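Everything below belongs to coords_30.txt, which stores compact mmCIF, C-alpha atoms.
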```txt
# COMPACT_ATOMS: atom_id res chain seq x y z
CA MET A 117 -18.86 -11.99 64.68
CA GLN A 118 -17.05 -9.02 63.19
CA TYR A 119 -13.28 -9.21 62.94
CA PHE A 120 -10.18 -7.42 61.59
CA ILE A 121 -7.34 -9.08 59.68
CA GLY A 122 -3.65 -8.22 59.58
CA ILE A 123 -1.25 -9.96 57.18
CA ASP A 124 2.53 -9.83 57.02
CA GLY A 125 3.35 -11.00 53.50
CA GLY A 126 7.08 -11.66 53.40
CA GLY A 127 9.24 -12.90 50.58
CA SER A 128 9.05 -16.49 51.77
CA ARG A 129 5.99 -16.81 54.03
CA SER A 130 2.78 -14.96 54.83
CA ARG A 131 1.37 -14.71 58.36
CA LEU A 132 -2.21 -13.77 59.22
CA VAL A 133 -3.79 -12.82 62.52
CA ALA A 134 -7.38 -11.76 63.13
CA ILE A 135 -8.76 -9.90 66.13
CA ASP A 136 -12.29 -9.22 67.31
CA LYS A 137 -13.83 -5.89 68.30
CA ASN A 138 -12.23 -6.21 71.75
CA LYS A 139 -8.80 -6.74 70.10
CA ASN A 140 -8.64 -10.34 71.22
CA VAL A 141 -6.85 -12.70 68.81
CA ILE A 142 -9.31 -15.16 67.30
CA ALA A 143 -7.01 -16.98 64.85
CA ARG A 144 -3.48 -17.18 63.46
CA CYS A 145 -2.50 -18.80 60.18
CA GLU A 146 0.55 -19.12 57.93
CA GLY A 147 0.83 -19.56 54.19
CA ASP A 148 3.08 -19.05 51.19
CA THR A 149 4.35 -15.76 49.83
CA THR A 150 2.14 -12.88 48.65
CA ASN A 151 5.00 -11.25 46.72
CA ILE A 152 3.35 -10.58 43.37
CA ALA A 153 6.56 -8.96 42.09
CA ALA A 154 8.40 -12.28 42.35
CA GLU A 155 5.62 -14.82 41.83
CA THR A 156 2.92 -15.23 39.19
CA TYR A 157 -0.48 -13.63 39.68
CA SER A 158 -2.15 -17.03 39.72
CA GLY A 159 0.37 -18.32 42.23
CA VAL A 160 -0.20 -15.43 44.62
CA PHE A 161 -3.97 -15.69 44.11
CA GLY A 162 -3.81 -19.34 45.13
CA ASN A 163 -1.59 -18.61 48.13
CA ILE A 164 -3.94 -15.91 49.44
CA LYS A 165 -7.03 -18.03 48.80
CA ASN A 166 -5.47 -20.89 50.76
CA LEU A 167 -4.46 -18.56 53.60
CA LEU A 168 -7.93 -17.06 53.93
CA GLY A 169 -9.50 -20.49 53.61
CA GLU A 170 -7.34 -21.79 56.45
CA PHE A 171 -8.35 -18.79 58.54
CA CYS A 172 -12.07 -19.27 57.89
CA THR A 173 -11.79 -22.92 58.89
CA ALA A 174 -9.75 -22.20 62.03
CA ALA A 175 -12.03 -19.37 63.19
CA ALA A 176 -15.29 -20.84 61.90
CA ALA A 177 -15.77 -17.44 60.27
CA SER A 178 -17.09 -16.05 57.02
CA LEU A 179 -15.26 -13.47 54.93
CA ASP A 180 -18.51 -11.49 54.89
CA ASN A 181 -17.81 -10.49 58.50
CA CYS A 182 -14.35 -9.06 57.83
CA LYS A 183 -14.67 -5.34 58.59
CA SER A 184 -11.16 -4.43 57.46
CA LEU A 185 -7.92 -5.99 56.26
CA TYR A 186 -4.46 -4.48 56.33
CA ILE A 187 -1.63 -6.25 54.52
CA GLY A 188 2.01 -5.39 54.13
CA SER A 189 3.43 -7.45 51.31
CA ALA A 190 6.85 -7.77 49.74
CA GLY A 191 6.65 -6.39 46.20
CA ALA A 192 3.57 -4.24 46.87
CA SER A 193 5.40 -0.98 46.10
CA THR A 194 6.21 -2.02 42.54
CA GLY A 195 4.00 -0.68 39.76
CA GLU A 196 0.32 -1.53 40.19
CA ASN A 197 0.98 -4.45 42.52
CA ALA A 198 -0.87 -2.93 45.48
CA LYS A 199 -4.01 -2.62 43.37
CA LEU A 200 -3.57 -6.14 42.04
CA LEU A 201 -3.35 -7.50 45.57
CA GLU A 202 -6.47 -5.59 46.59
CA ASN A 203 -8.29 -7.05 43.59
CA ILE A 204 -7.27 -10.56 44.65
CA PHE A 205 -8.81 -10.06 48.09
CA ARG A 206 -11.98 -8.63 46.51
CA ASP A 207 -12.26 -11.53 44.06
CA ILE A 208 -11.86 -14.05 46.90
CA GLY A 209 -14.68 -12.39 48.82
CA VAL A 210 -13.30 -9.86 51.30
CA GLY A 211 -15.88 -7.08 51.42
CA GLY A 212 -14.56 -4.81 54.18
CA LYS A 213 -12.08 -1.99 53.94
CA ILE A 214 -8.71 -3.08 52.49
CA LYS A 215 -5.39 -1.29 52.69
CA VAL A 216 -2.22 -2.57 51.03
CA THR A 217 1.34 -1.44 51.71
CA ASN A 218 4.74 -3.09 51.55
CA ASP A 219 5.95 -5.44 54.26
CA ALA A 220 8.72 -3.11 55.44
CA GLU A 221 6.44 -0.13 56.02
CA LEU A 222 3.99 -2.40 57.81
CA ALA A 223 6.74 -3.68 60.11
CA LEU A 224 7.90 -0.13 60.82
CA LEU A 225 4.42 1.08 61.77
CA ALA A 226 3.83 -2.00 63.91
CA ALA A 227 7.20 -1.66 65.65
CA THR A 228 7.16 2.07 66.35
CA GLN A 229 3.40 2.57 66.80
CA GLU A 230 3.82 5.38 64.26
CA GLU A 231 6.40 7.13 66.46
CA PRO A 232 9.82 8.26 65.07
CA GLY A 233 12.19 5.36 64.58
CA ILE A 234 13.99 3.09 62.14
CA ILE A 235 13.46 -0.52 61.14
CA ILE A 236 15.98 -2.72 59.36
CA ILE A 237 14.60 -5.87 57.77
CA ALA A 238 16.95 -8.58 56.57
CA GLY A 239 15.31 -11.88 55.78
CA THR A 240 14.87 -13.31 52.29
CA GLY A 241 15.21 -9.69 51.09
CA SER A 242 16.43 -6.54 52.80
CA VAL A 243 15.22 -2.97 53.24
CA GLY A 244 15.24 -0.13 55.73
CA TYR A 245 12.39 2.24 56.62
CA ALA A 246 12.15 5.17 59.01
CA ILE A 247 9.64 7.69 60.34
CA ASP A 248 11.11 11.08 61.17
CA LYS A 249 9.91 13.58 63.79
CA GLU A 250 7.49 15.16 61.30
CA GLY A 251 5.90 11.80 60.52
CA THR A 252 7.46 11.51 57.07
CA THR A 253 8.43 8.02 55.93
CA HIS A 254 11.88 7.37 54.42
CA ARG A 255 13.26 4.32 52.68
CA ALA A 256 16.71 2.95 51.90
CA GLY A 257 17.49 -0.24 50.00
CA GLY A 258 15.01 -2.93 49.06
CA TRP A 259 15.26 -2.39 45.32
CA GLY A 260 14.76 -6.06 44.52
CA HIS A 261 16.98 -9.09 44.01
CA LEU A 262 18.11 -8.10 40.51
CA ILE A 263 19.59 -4.80 41.70
CA ASP A 264 19.95 -4.73 45.47
CA ASP A 265 18.92 -6.75 48.55
CA GLY A 266 22.37 -6.42 50.10
CA GLY A 267 22.57 -8.12 53.48
CA SER A 268 19.65 -10.40 52.70
CA GLY A 269 19.53 -14.18 52.81
CA TYR A 270 19.08 -14.17 49.05
CA ARG A 271 22.17 -12.05 48.43
CA ILE A 272 24.26 -14.11 50.85
CA GLY A 273 23.08 -17.27 49.11
CA MET A 274 23.88 -15.91 45.68
CA ASP A 275 27.34 -14.82 46.83
CA ALA A 276 27.94 -18.37 48.03
CA ILE A 277 26.80 -19.78 44.70
CA LYS A 278 29.10 -17.36 42.88
CA ALA A 279 32.06 -18.40 45.07
CA THR A 280 31.26 -22.04 44.32
CA LEU A 281 31.12 -21.50 40.58
CA MET A 282 34.34 -19.50 40.66
CA GLU A 283 36.16 -22.36 42.40
CA LEU A 284 34.71 -24.96 40.06
CA ASP A 285 35.88 -22.78 37.18
CA GLY A 286 39.38 -22.52 38.59
CA ARG A 287 38.97 -18.75 38.96
CA GLY A 288 38.25 -18.52 42.67
CA ALA A 289 39.66 -19.42 46.07
CA LYS A 290 39.17 -22.84 47.56
CA THR A 291 36.24 -22.77 49.98
CA ILE A 292 34.21 -25.33 51.90
CA LEU A 293 31.15 -23.54 50.54
CA THR A 294 31.68 -25.46 47.31
CA SER A 295 30.88 -28.82 48.86
CA MET A 296 28.04 -27.27 50.86
CA VAL A 297 26.41 -25.58 47.86
CA THR A 298 26.78 -28.53 45.53
CA GLY A 299 25.34 -30.71 48.27
CA PHE A 300 22.45 -28.28 48.71
CA PHE A 301 21.55 -28.52 45.02
CA LYS A 302 22.59 -32.19 44.81
CA GLN A 303 24.53 -31.18 41.72
CA THR A 304 28.28 -30.94 41.11
CA GLU A 305 28.39 -29.34 37.66
CA PRO A 306 27.98 -25.55 37.19
CA ALA A 307 25.54 -26.07 34.32
CA GLN A 308 23.32 -28.20 36.53
CA ILE A 309 23.24 -25.55 39.27
CA LEU A 310 22.51 -22.83 36.73
CA SER A 311 19.63 -24.86 35.31
CA TYR A 312 17.78 -24.18 38.56
CA ILE A 313 18.75 -20.51 38.86
CA TYR A 314 17.63 -19.72 35.32
CA GLY A 315 14.79 -22.25 35.23
CA ASN A 316 11.06 -21.86 35.70
CA SER A 317 11.11 -23.36 39.21
CA PHE A 318 13.45 -20.68 40.62
CA HIS A 319 12.48 -19.21 44.01
CA LYS A 320 14.37 -16.56 45.96
CA SER A 321 13.40 -18.23 49.20
CA LYS A 322 15.32 -21.38 48.27
CA ILE A 323 18.47 -19.38 47.53
CA ALA A 324 18.06 -17.58 50.88
CA LYS A 325 18.29 -20.92 52.70
CA ILE A 326 21.96 -21.12 51.68
CA ALA A 327 22.69 -18.27 54.13
CA VAL A 328 22.61 -20.85 56.94
CA LEU A 329 25.40 -22.77 55.19
CA VAL A 330 27.45 -19.59 54.87
CA GLU A 331 27.11 -18.97 58.60
CA GLU A 332 28.19 -22.55 59.29
CA ALA A 333 31.21 -22.18 57.01
CA ALA A 334 32.15 -18.84 58.57
CA ASN A 335 32.01 -20.39 62.03
CA GLN A 336 34.46 -23.03 60.77
CA GLY A 337 36.86 -20.27 59.74
CA ASP A 338 36.29 -20.33 55.98
CA SER A 339 37.69 -17.04 54.66
CA THR A 340 35.26 -16.81 51.73
CA ALA A 341 32.24 -17.27 53.98
CA ILE A 342 33.61 -14.76 56.48
CA ALA A 343 34.03 -12.22 53.66
CA ILE A 344 30.48 -12.81 52.42
CA GLU A 345 29.04 -12.17 55.88
CA ALA A 346 31.22 -9.10 56.35
CA GLN A 347 29.86 -7.66 53.10
CA ALA A 348 26.30 -8.40 54.22
CA ALA A 349 26.93 -6.53 57.47
CA ARG A 350 28.40 -3.56 55.56
CA ASP A 351 25.34 -3.42 53.32
CA LEU A 352 22.96 -3.33 56.29
CA ILE A 353 25.13 -0.76 58.08
CA ALA A 354 25.05 1.47 55.00
CA ILE A 355 21.25 1.27 54.81
CA THR A 356 20.99 2.21 58.49
CA GLN A 357 23.47 5.07 58.29
CA SER A 358 21.59 6.48 55.32
CA LEU A 359 18.30 6.50 57.23
CA ILE A 360 19.86 8.03 60.36
CA HIS A 361 21.23 10.93 58.34
CA LYS A 362 18.01 11.35 56.31
CA THR A 363 15.84 11.52 59.40
CA GLN A 364 18.31 13.16 61.80
CA LEU A 365 17.32 10.58 64.40
CA PHE A 366 20.41 10.19 66.53
CA SER A 367 18.88 8.92 69.79
CA HIS A 368 15.99 6.70 68.76
CA ASN A 369 15.19 3.03 68.31
CA ILE A 370 16.52 0.89 65.48
CA VAL A 371 14.19 -2.09 65.32
CA LEU A 372 15.53 -5.30 63.79
CA SER A 373 13.35 -7.77 61.91
CA GLY A 374 14.06 -10.79 59.72
CA GLY A 375 15.98 -14.00 60.15
CA ILE A 376 19.39 -12.77 58.98
CA ILE A 377 19.73 -9.71 61.20
CA LEU A 378 18.05 -11.38 64.17
CA HIS A 379 19.62 -14.82 64.13
CA ASN A 380 22.98 -14.62 62.33
CA LYS A 381 25.24 -13.77 65.27
CA ASN A 382 28.22 -12.87 63.09
CA ILE A 383 26.35 -10.31 61.01
CA ARG A 384 24.43 -8.89 63.96
CA THR A 385 27.60 -8.44 66.02
CA MET A 386 29.34 -6.57 63.20
CA PHE A 387 26.23 -4.49 62.58
CA GLU A 388 25.72 -3.45 66.20
CA ALA A 389 29.41 -2.67 66.74
CA ALA A 390 29.51 -0.32 63.76
CA ILE A 391 26.25 1.47 64.57
CA TYR A 392 27.06 1.98 68.26
CA LYS A 393 30.54 3.23 67.36
CA SER A 394 29.15 5.96 65.09
CA PHE A 395 25.84 6.57 66.86
CA PRO A 396 26.24 5.68 70.55
CA ASN A 397 22.86 7.13 71.55
CA MET A 398 20.82 4.87 69.27
CA GLN A 399 19.06 1.84 70.75
CA ILE A 400 19.07 -1.40 68.74
CA ILE A 401 16.19 -3.69 69.68
CA PRO A 402 14.50 -6.76 68.17
CA MET A 403 10.93 -6.39 67.00
CA SER A 404 8.77 -7.15 70.02
CA GLU A 405 5.31 -7.42 68.42
CA SER A 406 4.68 -9.48 65.33
CA ALA A 407 4.08 -7.43 62.20
CA GLU A 408 0.82 -9.26 61.48
CA LEU A 409 -0.59 -8.40 64.92
CA GLY A 410 0.42 -4.79 64.43
CA ALA A 411 -1.32 -4.93 61.06
CA ALA A 412 -4.50 -6.24 62.68
CA HIS A 413 -4.47 -3.32 65.13
CA ILE A 414 -4.01 -0.90 62.24
CA ALA A 415 -6.89 -2.62 60.43
CA PHE A 416 -9.00 -2.02 63.53
CA LYS A 417 -8.12 1.68 63.44
CA LEU A 418 -9.17 1.92 59.79
CA VAL A 419 -12.83 1.59 60.72
CA ASN A 420 -12.90 2.70 64.36
```

structure tokens encoding of this file:
Amino acid sequence: MQYFIGIDGGGSRSRLVAIDKNKNVIARCEGDTTNIAAETYSGVFGNIKNLLGEFCTAAAASLDNCKSLYIGSAGASTGENAKLLENIFRDIGVGGKIKVTNDAELALLAATQEEPGIIIIAGTGSVGYAIDKEGTTHRAGGWGHLIDDGGSGYRIGMDAIKATLMELDGRGAKTILTSMVTGFFKQTEPAQILSYIYGNSFHKSKIAKIAVLVEEAANQGDSTAIAIEAQAARDLIAITQSLIHKTQLFSHNIVLSGGIILHNKNIRTMFEAAIYKSFPNMQIIPMSESAELGAAHIAFKLVN
């Protein structure tokens, strides 16, 4: 049986779906991150091997019958990472056509079906992409956790850690985030918290989990948490405004994807209020089709 694979490789998790020649879904699988910009080559290799192995078991399929594979992965736009990811798939045994892009562009194409529109992704990381009326792709944000990722779970988490360390230092305001963050790390001393952040076991996805604590603190009226979420909303608003002006799309869809922008009610409310105030003809909608299924359909198109 011939089949076509689509993979959404986010900063925390990877999701695979495969369809047959009639576009029927034959298997879905989940695995760990494919972000080769944030993880080691061997780590990503192992994650992808496990993901494909789980698929082959679930579908009782061989990689020899994969006609095409389309993956959008966090970190793929950096340096030679797209080629490195392609090499991983080749080394594992995928023989069909392979196309690699970043996860944001994949989500945009899947959401808009290659029509003009904007997508804002705010999960572990954050980025915005758009397709204008001429079919040109534009990007704003998403320059990595060392420089950018404003509005992301990672940035929110790091802001909470900073607020905690400032209070423990005696340099910052009192905030209930301090007890939440120290409880999260099961450490009460700044040096102990920093040992994880600067240690070899550091993962952005773990820091992003703190965003849930920030939302909880904000809902309890903590002023520091409220300020952190307000800054996250401003960062996502700025990304969106930049793309609207770049593309001159003033009455099109803004598709939302990622746990922060979809599920944090405080940030989403602030975001939508600001966008509708400045651009009342835009339509803000959640992503309706999974990025991995959209990727599988694009993989189908690659060879049909």

(request) Pick out the closest residue to Ala354 of chain A from this set: A:Ile272, A:Val243, A:Leu284, A:Leu418. Count all atoms listed in the file. (result)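 Checking each of A:Ile272, A:Val243, A:Leu284, A:Leu418 against Ala354 of chain A, counting all atoms listed in the file, the winner is A:Val243.
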
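The two atoms in question, atom CA of Lys381 of chain A and atom CA of Gly267 of chain A, are spaced 13.3 Å apart.
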
(request) Find the spatial neighbours of segment 126-143 of chain A, counting all atoms listed in the file, within a cut-off of 7 Å - ignore same-chain residues fewer than 2 positions away - and output them as a list in words. (result)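 In the requested format, the answer is Gln118, Tyr119, Phe120, Ile121, Gly122, Ile123, Asp124, Cys145, Glu146, Gly147, Asp148, Thr149, Thr150, Asn151, Phe171, Ala174, Ala175, Ser189, Ala190, Asp219, Thr240, Gly241, Ser321, Glu408, Leu409 and Ala412 of chain A.
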
(message) Just want the 6 Å neighbourhood of Val216 of chain A, counted on all atoms listed in the file, with same-chain residues fewer than 5 positions away dropped. Output as an NGL selection string.
(response) :A and (187-188 or 198)

(message) Here is a test: counting only C-alpha atoms, which residue of A:Met274, A:Ile383, A:Ala341, A:Ala176 is nearest to Leu310 of chain A?
(response) A:Met274

(message) Using only C-alpha atoms, can you tell me which of A:Val419, A:Asn382, A:Glu231, A:Phe161 comes closest to Lys183 of chain A?
(response)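 Looking at the shortest contact to Lys183 of chain A, the residue is A:Val419.
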
(request) Work out how far atom CA of Ile360 of chain A is from atom CA of His254 of chain A, in Å to one decimal. (result)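 Taking atom CA of His254 of chain A as the start and atom CA of Ile360 of chain A as the end point, the length is 10.0 Å.
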
(request) Could you tell me which of A:Tyr270, A:Trp259, A:Phe387, A:Tyr245 comes closest to Pro232 of chain A if we count only C-alpha atoms? (result)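 So, comparing all the options, the nearest one is A:Tyr245.
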
(message) What's the separation between atom CA of Ile376 of chain A and atom CA of Leu281 of chain A, in Å to one decimal place?
(response)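 Computing the Euclidean distance for atom CA of Ile376 of chain A and atom CA of Leu281 of chain A yields 23.5 Å.
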
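Near Ala154 of chain A, within 10 Å and counting all atoms listed in the file, sit Gly127, Thr149, Val160, Ala190, Gly191, Gly260, His261, Phe318, His319 and Lys320 of chain A, not including residues fewer than 5 positions from it in the same chain.
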
Kindly save the residues from that selection, with C-alpha atoms included, as a PDB file, keeping the file's coordinate frame.
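Below is the file result_34.pdb, written as the result:
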```
ATOM      1  CA  GLY A 127       9.240 -12.900  50.580  1.00  0.00           C
ATOM      2  CA  THR A 149       4.350 -15.760  49.830  1.00  0.00           C
ATOM      3  CA  VAL A 160      -0.200 -15.430  44.620  1.00  0.00           C
ATOM      4  CA  ALA A 190       6.850  -7.770  49.740  1.00  0.00           C
ATOM      5  CA  GLY A 191       6.650  -6.390  46.200  1.00  0.00           C
ATOM      6  CA  GLY A 260      14.760  -6.060  44.520  1.00  0.00           C
ATOM      7  CA  HIS A 261      16.980  -9.090  44.010  1.00  0.00           C
ATOM      8  CA  PHE A 318      13.450 -20.680  40.620  1.00  0.00           C
ATOM      9  CA  HIS A 319      12.480 -19.210  44.010  1.00  0.00           C
ATOM     10  CA  LYS A 320      14.370 -16.560  45.960  1.00  0.00           C
TER      11      LYS A 320
END
```

(message) When you count all atoms listed in the file, which of these residues is closest to Ala343 of chain A: A:Ser158, A:Thr291, A:Thr356, A:Ser367?
(response) A:Thr291

Would you compute, for all listed atoms of segment 117-131 of chain A, the axis-aligned bounding box grown by 4 Å on each side, and then report its centre and edge lengths in Å rounded to one decimal, as AutoDock Vina command-line options?
```
--center_x -4.8 --center_y -12.1 --center_z 57.6 --size_x 36.1 --size_y 17.4 --size_z 22.1
```

(request) List the neighbours of Gly269 of chain A out to 8 Å using only C-alpha atoms; skip same-chain residues closer than 6 positions along the sequence, and give me the result as a ChimeraX atom specification. (result) /A:238-241,323-327,376

Hey, can you spit out that residue selection with C-alpha atoms as a tab-separated table (two decimals), in the frame of the given file?
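Saved as out_7.tsv:
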```
chain	number	residue	atom	x	y	z
A	238	ALA	CA	16.95	-8.58	56.57
A	239	GLY	CA	15.31	-11.88	55.78
A	240	THR	CA	14.87	-13.31	52.29
A	241	GLY	CA	15.21	-9.69	51.09
A	323	ILE	CA	18.47	-19.38	47.53
A	324	ALA	CA	18.06	-17.58	50.88
A	325	LYS	CA	18.29	-20.92	52.70
A	326	ILE	CA	21.96	-21.12	51.68
A	327	ALA	CA	22.69	-18.27	54.13
A	376	ILE	CA	19.39	-12.77	58.98
```

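If you count only C-alpha atoms and ignore residues fewer than 3 places along the chain from Lys165 of chain A, what sits within 9 Å of it is A:Val160, A:Phe161, A:Gly162, A:Leu168, A:Gly169, A:Glu170, A:Ile204, A:Phe205, A:Ile208.
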
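For the set A:Ile353, A:Met117, A:Ile214, A:Val297, the residue with the smallest atom-to-atom gap to Ser178 of chain A is A:Met117, counting only C-alpha atoms.
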